Amino acid sequence: MKNGTRSAPRTLLVLLGVVALVLAACGGGTASTAPTAEPTEAAATPTPIAVTPEPIETAEGGLTADGKVLIRWFVGLGTGAQPDQIADEQAVVAEFNASQDEIVLSLEIYQNTTAYDILSTQIAAGNPPDIIGPVGFRGFYSYGDQLLDLEPYIASSGFDTSDLDPALLEAYAEGFGGQVGIPFAIYPSFIYYNKDLFDEAGLPYPPEKVGDQYDGQEWNWDTLTELAKKLTVDKAGNDATSAAFDGSNTDQWGYYMQWTDPRGWGTQRGAGHVVGADGNAVIPENWVEAWQWYYDGMFKDQFIPDGTENRSDLLGPDNAFQSGRVAMDFVHLWYTCCVWPADGEPNTPNFGIAVPPSDGGTTTAKLHADTFGIMEKTAHPEEAFEVLTYLLNNDTLIARYGALPAVKSKQGAFFDALDARFAPNEINWQVALDMLGYPDVPSHEADMPNFLKSDAAIKAFQEKLITTAGLDIAAEAEILRGTLQGLFDEVN
Amino acid sequence: MTSTPREAALPGSVVGQGRVGGGIARREALWGYAFISPWIIGFVLFMFLPMAAALIFSFTDFDLRKPDEINFIGLRNYERLLSDSAIAHSMAITVRFIAITVPLNLGFALGLAMLLNSQRVAGKNVLRTLFYMPIQIPLVAATLIWVGVLNGSTGWVNRILGIFGLQGPDWIADSSWVLVALALIGIWGVGNMMLIFIAGLQGVPTELYDAAKVDGAGAWRTFRSVTVPLITPIIFYNVLISFVTSFQVFIQPWVLKNGIPDDSTNLFNVNLYREAFVFNQMGYASALGWVLFGVILGVTMLLFWSARRWVYYAAER
């Protein structure tokens, strides 16, 4: 009898052990006791915002059941996944499919935060899409060696590249081992400002021309600092120039640099690159200066929202200028996508654009560029190229992406469409065109050795800066340089 | 041969015919296998085979973006992790996280279970449901809610602390508080553990409490000398599961830090995910996965070994 009863707890122990081991093996399970027990797979699960409504059956060789060529278009590596962009992308696909009896275009849209992981997984599974984009240089550097050289298809199709900036065309060939992209969109950067907040403070708007003064003073970063402090207001109504200002209760901020990283921050004081001429890691001095200024703006003068404030209910979760609580935002033309909410009343209905301040007489406006690429492993390169040219020439997409067409003859129509969209607001788009003359060369998105890890290290550096007060920025920059050097050495 | 009551009830032609009895047993076994086969098939397809694949990958330089260029590299991934400072660091943070979260979760769940098992509490079923409900919320959504609740500037926690004149920390941004924030999020989901504790508490014979009362034992003494020893198998189970799941925590730190973990949130599984899906080093990440498996296996064995000394099974005494 005793033996019989002893076996029950032992069996229980064994069963518990089995459960524990299965859980250990499988990354969670049903016997979880807390949220910590949720299967890790959940986070890795692709998050399709919208996909082709019904899965398209494919037969051998990427053909649909009725013998058409299936071309998959992967969106999410850059812009394109904002809610108000999706409907237009779907309409463009529907229009293309309606015009076709040989090709079926299938759209896959993913959130930017997961898109890179999903694309890598698709490639690993032998199931890559045919076309990726729109995607900036960061995406091209991540997948550059996976992209098809378009040169033969450009030549055989007679695709006209004469209306494109040769330097931009070359940017998609240099370092990639082929012409992996054709310029589609360019995004100069400038300052978006909230006219209502300026009016409320009784302050004149910032200049619209490089070289113009602001209220009788040179339009430089010191002037912007003073202006931004006047536009930063706490809940009691004190601005940041007042001794009574309470930075822990800020209600409105004077300046922000949205959706960029420290390499983007650095360009406020001119272009630079973290890779020196000898291939070693280097942090440009002008960037350290820019980082110090931006850091002081967050934690000392407090006219720039720090990480916590940016993720608070007041500004968040992720579109500070749209909240109506930021007076000036230095960001790219693509932000026209999102300066207003997709639905509902805009918090910032009345905005203008201005030139960035100069640094010692030099103005720098970092430049972004987007395009599409064809994956090298596509089974149907010619059909994919046909779709690619359709996307490149699509006016609906370029307007919705807030993208200045790389094709010069289309630029006027693009701004007309923006005017219609933001009417009755009158915006001086000449500012955007002028800023094309002040790009950051080398680009802040330039390639780096061990790109993915180096990029992650820079983002981790940013996260530390926006969330931690009391840092020695010069020392942090040196730590970053050391980290980057280590990462460069891994591949050199 | 002694007939079981069931055999005795069978017709005479069946009783004593081992082959027929064996046939029934076999049929029952087959039905049993048939019923559990969906789980077995699911386990083999979606867990065992991926694990086996990961083991193979761990001996390769598999890059997600270049599946055609995979090479066998022997133990190089395992050698690499020995010299990878990020691994030691991420394991150290994970251990620190476990040190905070396991006792906190166990204590909170047991306290709740005691409370909701008390005769003096009204509406116990409603309260049990309410405390259980949070684990029904998808973890990503729950964590996003907590991002707002714990925001150092506008979060509810700091607003409530502010009412009492206390300046709350920046729970998520401050590296010295973020593990506590993660533990707090964990506490929100202790409903399942609480239910298991309640089941254990209800299994404690009431006559033992009566005897303790007669002997003059107070509430604390009764808890320490009657309740705890008799629920040690349940405590053991919860400790075990809590350890295992805490080693595997991933979603909360990933969402909390917006996919950009810093030194304080780069837990082992977060680091593993980054290697696999951000840096595309699937071979190395697979090695990390198997190391994690080994660590969890070791801890599990250690817990089972220690259980002999502190887990009390009444039937064994």
# chains A, B, ... in the order shown; residues from 1 in each chain; ligands from 1
call {"tool": "interface_residues", "arguments": {"of": "chain B", "to": "chain A", "cutoff": "6 Å", "atoms": "only C-alpha atoms", "output": "PyMOL selection string"}}
result
chain B and resi 64-65+67+154+173+186+189-190+192-193+245-246+249+251+262+277+279+315-316
call {"tool": "write_last_selection", "arguments": {"atoms": "C-alpha atoms", "output": "PDB file, in the first residue's frame"}}
result
ATOM      1  CA  LEU B  64      18.723  34.551 -42.801  1.00  0.00           C
ATOM      2  CA  ARG B  65      19.364  36.706 -45.844  1.00  0.00           C
ATOM      3  CA  PRO B  67      20.201  30.733 -46.996  1.00  0.00           C
ATOM      4  CA  THR B 154       2.113  61.349 -17.482  1.00  0.00           C
ATOM      5  CA  ALA B 173      13.612  55.049 -19.018  1.00  0.00           C
ATOM      6  CA  GLY B 186       4.372  40.377 -14.426  1.00  0.00           C
ATOM      7  CA  GLY B 189      -0.767  38.548 -14.803  1.00  0.00           C
ATOM      8  CA  VAL B 190      -0.490  36.266 -11.779  1.00  0.00           C
ATOM      9  CA  ASN B 192      -3.235  31.642 -13.258  1.00  0.00           C
ATOM     10  CA  MET B 193      -0.730  31.151 -10.463  1.00  0.00           C
ATOM     11  CA  THR B 245       8.968  31.421 -18.028  1.00  0.00           C
ATOM     12  CA  SER B 246      11.100  34.178 -16.508  1.00  0.00           C
ATOM     13  CA  VAL B 249      10.751  36.628 -21.056  1.00  0.00           C
ATOM     14  CA  ILE B 251       7.738  40.450 -25.260  1.00  0.00           C
ATOM     15  CA  ASP B 262      19.473  49.055 -23.796  1.00  0.00           C
ATOM     16  CA  PHE B 277      15.962  38.499 -36.621  1.00  0.00           C
ATOM     17  CA  PHE B 279      21.257  40.802 -37.272  1.00  0.00           C
ATOM     18  CA  ALA B 315       1.324  10.203   1.252  1.00  0.00           C
ATOM     19  CA  GLU B 316       5.086   9.625   1.521  1.00  0.00           C
TER      20      GLU B 316
END
call {"tool": "select_by_dssp", "arguments": {"residues": "segment 326-443 of chain A", "states": "strand (DSSP E)", "output": "ChimeraX atom specification"}}
result
/A:326-332,351-354,368-374,404-405
call {"tool": "closest_residue", "arguments": {"among": "A:Tyr335, A:Tyr390, A:Trp73, A:Phe330", "to": "Ser99 of chain A", "atoms": "only C-alpha atoms"}}
result
A:Tyr390
call {"tool": "select_by_dssp", "arguments": {"residues": "segment 59-122 of chain A", "states": "alpha helix (DSSP H)", "output": "ChimeraX atom specification"}}
result
/A:83-98,112-122
call {"tool": "write_last_selection", "arguments": {"atoms": "C-alpha atoms", "output": "PDB file, in the first residue's frame"}}
result
ATOM      1  CA  PRO A  83      -3.029  53.981 -42.301  1.00  0.00           C
ATOM      2  CA  ASP A  84      -3.829  56.720 -44.805  1.00  0.00           C
ATOM      3  CA  GLN A  85      -1.360  55.310 -47.346  1.00  0.00           C
ATOM      4  CA  ILE A  86      -2.727  51.794 -47.428  1.00  0.00           C
ATOM      5  CA  ALA A  87      -5.977  52.553 -49.257  1.00  0.00           C
ATOM      6  CA  ASP A  88      -4.098  54.262 -52.070  1.00  0.00           C
ATOM      7  CA  GLU A  89      -1.615  51.396 -52.352  1.00  0.00           C
ATOM      8  CA  GLN A  90      -4.476  48.935 -52.583  1.00  0.00           C
ATOM      9  CA  ALA A  91      -6.142  51.095 -55.230  1.00  0.00           C
ATOM     10  CA  VAL A  92      -2.923  51.239 -57.247  1.00  0.00           C
ATOM     11  CA  VAL A  93      -2.644  47.458 -57.133  1.00  0.00           C
ATOM     12  CA  ALA A  94      -6.290  47.012 -58.105  1.00  0.00           C
ATOM     13  CA  GLU A  95      -5.845  49.410 -61.011  1.00  0.00           C
ATOM     14  CA  PHE A  96      -2.758  47.543 -62.211  1.00  0.00           C
ATOM     15  CA  ASN A  97      -4.456  44.160 -61.965  1.00  0.00           C
ATOM     16  CA  ALA A  98      -7.503  45.431 -63.827  1.00  0.00           C
ATOM     17  CA  ASN A 112       8.099  49.128 -40.163  1.00  0.00           C
ATOM     18  CA  THR A 113       9.140  47.742 -36.776  1.00  0.00           C
ATOM     19  CA  THR A 114       8.730  44.164 -37.965  1.00  0.00           C
ATOM     20  CA  ALA A 115       9.174  44.489 -41.725  1.00  0.00           C
ATOM     21  CA  TYR A 116      12.941  43.839 -41.707  1.00  0.00           C
ATOM     22  CA  ASP A 117      12.526  40.698 -39.612  1.00  0.00           C
ATOM     23  CA  ILE A 118       9.755  39.413 -41.830  1.00  0.00           C
ATOM     24  CA  LEU A 119      11.634  40.038 -45.042  1.00  0.00           C
ATOM     25  CA  SER A 120      14.725  38.261 -43.698  1.00  0.00           C
ATOM     26  CA  THR A 121      12.562  35.334 -42.679  1.00  0.00           C
ATOM     27  CA  GLN A 122      10.895  35.179 -46.071  1.00  0.00           C
TER      28      GLN A 122
END
call {"tool": "atom_distance", "arguments": {"atom1": "atom CA of Ile187 of chain B", "atom2": "atom CA of Tyr132 of chain B"}}
result
11.3 Å
call {"tool": "atom_distance", "arguments": {"atom1": "atom CA of Ala277 of chain A", "atom2": "atom CA of Gly482 of chain A"}}
result
16.6 Å
